[in-house]
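**Q** First the structure, then my questions, so here it is.
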Amino acid sequence: MKIYTLDRLNKPLEGHVVATIGFFDGVHRGHRFLLEYVSETGRIRGLETMAVTFPDSPSRVLHPDEGVQLLTTADEKCRQLEQCGIDHVVLLPFTRELSSLTAYAFMEEVLKGKLGVDVLVMGYDHRFGRGGRLSFSDYVEYGGNLGIEVVQAPAYRCGPSDQVVSSSSIRTLLLQGDVAKANEGLGYPYFLEGEVTGGYHIGTSLGYPTANLAVPPFKLVPADGVYAVEVEMEGWKGAGMLNIGHRPTLDNGSDRSVEVHIFDFHENIYARWLRLSFRQFVRKEVRFESLDALKQQLQTDEAVCRRILY
């Protein structure tokens, strides 16, 4: 897969492509359904495939005070798009100038002029461009004038209620701690990854040493509590129990930590890269009367997590 940043593209891309546009936060089941439709369209027409996306959330540009949290960083999203078999990913920096473009201007200047798009696949409810909510037929008309065929992918629905999967609904589930249901919508376990940083070493004194994870800015961290997680590190795979929260028994104050105890593992992994994949929520974070009471609860948590993971 080739990755391009549009602001560094000196000349239009050569070749013929079928493309789709979206932020693709989380690259969930709905996104993957759309991308599979793009791939199938490309196979039928003999075209390579392209996903046009934004490295950062448009909301952070238009509404910087909202503090939006994301399911995937730009690097994580690109890796997942590659797993979907997309040939080209174009990272389009979102700016206020870009947001001021009409749909026609965007299709003319960016999609046709710089990217050479022949076919544009739109999600069933996706719209873009300044000047109001256009109908799908408007995009078809614009495309006809510019030499871009515009087609619409069907909606993806899942579950007994025929529910539409969305990034916002998955964020809500994660903020409620319902990682199992969020994973259903994603199609894979939600994960956090980052560098292991120094901690307080209280866990070691309790017999449960932990690795503290530095989570990238704006990456969504699920609700406070204890979780059963799978652990990956430089090709090694294991399991553990993760605590997210303020460690009230230890009077941690406002400092929120993400720390994992890795089962049957005793190496020093400070400054190494770690990935934690959520399997199941175990319990809420609570304050215990003593460290002995906390240690007893940790033993119970370990037993529960081992039953889930092994």
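For the structure tokens, the naming scheme is as follows: chains receive sequential letters (A, B, ...) according to their order of presentation, residues are indexed from 1 within each chain, and ligands are indexed from 1 in presentation order.
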If you count only C-alpha atoms, which residues fall within 10 Å of A:Tyr37, apart from same-chain ones fewer than 6 positions away, as a VMD selection string?

**A** chain A and resid 20 31 43 121 123 152 to 154

**Q** Which residues, written as a ChimeraX atom specification, have at least one atom at most 6 Å from A:Gln69, with only C-alpha atoms counted and residues fewer than 5 positions away on the same chain left out?

**A** /A:218-220

**Q** Can you pull out every residue within 6 Å of stretch 5-7 of chain A, counting only C-alpha atoms, but drop anything in the same chain fewer than 6 positions away, and send it as an NGL selection string?

**A** :A and (90-92)

**Q** For A:Phe191, which of A:Arg247, A:Arg157, A:His266, A:Arg279 is the closest residue, counting only C-alpha atoms?

**A**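 Among A:Arg247, A:Arg157, A:His266, A:Arg279, it is A:Arg279 that comes nearest to A:Phe191.
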
**Q** Do a neighbour search on A:Gly67 at 12 Å with only C-alpha atoms, toss out local chain neighbours closer than 3 positions, and write the hits as a list of chain:residue names.

**A** A:Ser57, A:Pro58, A:Ser59, A:Arg60, A:Val61, A:Leu62, A:His63, A:Pro64, A:Leu70, A:Pro217, A:Phe218, A:Lys219, A:Leu220

**Q** Enter the distance from atom CA of A:Arg79 to atom CA of A:Leu192, in Å, rounded to one decimal.

**A**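 Separation of atom CA of A:Arg79 and atom CA of A:Leu192: 14.3 Å.
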
**Q** List as a tab-separated table every residue of stretch 135-206 of chain A that is in contact with stretch 224-234 of chain A, defined as an atom at most 12 Å from one of its atoms (using only C-alpha atoms), together with the nearest atom pair and the distance in Å rounded to one decimal, sorted by chain and then rising number.

**A**
residue	atom	partner	partner_atom	distance
A:Leu174	CA	A:Asp224	CA	10.1
A:Leu175	CA	A:Asp224	CA	8.6
A:Gln176	CA	A:Asp224	CA	8.9
A:Gly177	CA	A:Asp224	CA	7.4
A:Asp178	CA	A:Tyr227	CA	10.3
A:Val179	CA	A:Tyr227	CA	8.9
A:Ala180	CA	A:Tyr227	CA	10.5
A:Pro189	CA	A:Glu230	CA	9.2
A:Tyr190	CA	A:Val229	CA	9.8
A:Phe191	CA	A:Val229	CA	8.9
A:Leu192	CA	A:Val231	CA	10.0
A:Glu193	CA	A:Glu232	CA	9.1
A:Gly194	CA	A:Met233	CA	10.3
A:Glu195	CA	A:Met233	CA	10.3
A:Val196	CA	A:Met233	CA	10.6

**Q** Neighbouring residues of A:Glu108 were defined as those with any atom within 12 Å, considering only C-alpha atoms; residues of the same chain fewer than 2 positions away were excluded. Please report them as a compact mmCIF listing (two decimals) with C-alpha atoms, in the first residue's frame.

**A**
# COMPACT_ATOMS: atom_id res chain seq x y z
CA LEU A 101 -14.84 24.22 -0.51
CA THR A 102 -18.12 23.32 -2.16
CA ALA A 103 -18.65 19.70 -3.10
CA TYR A 104 -18.16 20.55 -6.78
CA ALA A 105 -14.91 22.42 -6.09
CA PHE A 106 -13.58 19.54 -3.97
CA VAL A 110 -8.87 17.42 -5.35
CA LEU A 111 -10.52 14.24 -6.58
CA LYS A 112 -10.11 14.84 -10.30
CA GLY A 113 -7.36 17.43 -10.48
CA LYS A 114 -4.87 15.94 -8.01
CA LEU A 115 -5.91 12.34 -7.51
CA GLY A 116 -7.25 11.34 -10.94
CA VAL A 117 -10.30 9.58 -9.53
CA ASP A 118 -12.40 7.74 -12.13
CA GLY A 129 -18.81 19.96 0.78
CA TYR A 139 -22.99 14.26 -6.56
CA TYR A 142 -21.32 16.90 -10.51
CA GLY A 143 -19.38 13.75 -11.28
CA GLY A 144 -20.94 13.51 -14.72
CA ASN A 145 -19.69 17.00 -15.51
CA LEU A 146 -16.17 16.18 -14.29
CA GLY A 147 -15.73 12.68 -15.66
CA ILE A 148 -16.16 10.93 -12.31

**Q** Could you check the closest approach to A:Ile86 for each of A:Thr73, A:Asn183, A:Thr204, A:Ser39 and tell me which residue wins, using only C-alpha atoms?

**A**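 Residue with the minimum atom-to-atom distance to A:Ile86: A:Ser39.
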
**Q** If you run DSSP on the backbone here, which positions in stretch 14-165 of chain A get helix (DSSP H, G or I)? Please write them as a PyMOL selection string.

**A** chain A and resi 29-45+58-62+64-66+74-83+96-99+103-112+136-146

**Q** When you draw a straight line from atom CA of A:Val221 to atom CA of A:Lys77, how long is it in Å?

**A**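 For atom CA of A:Val221 relative to atom CA of A:Lys77, the distance reads 16.5 Å.
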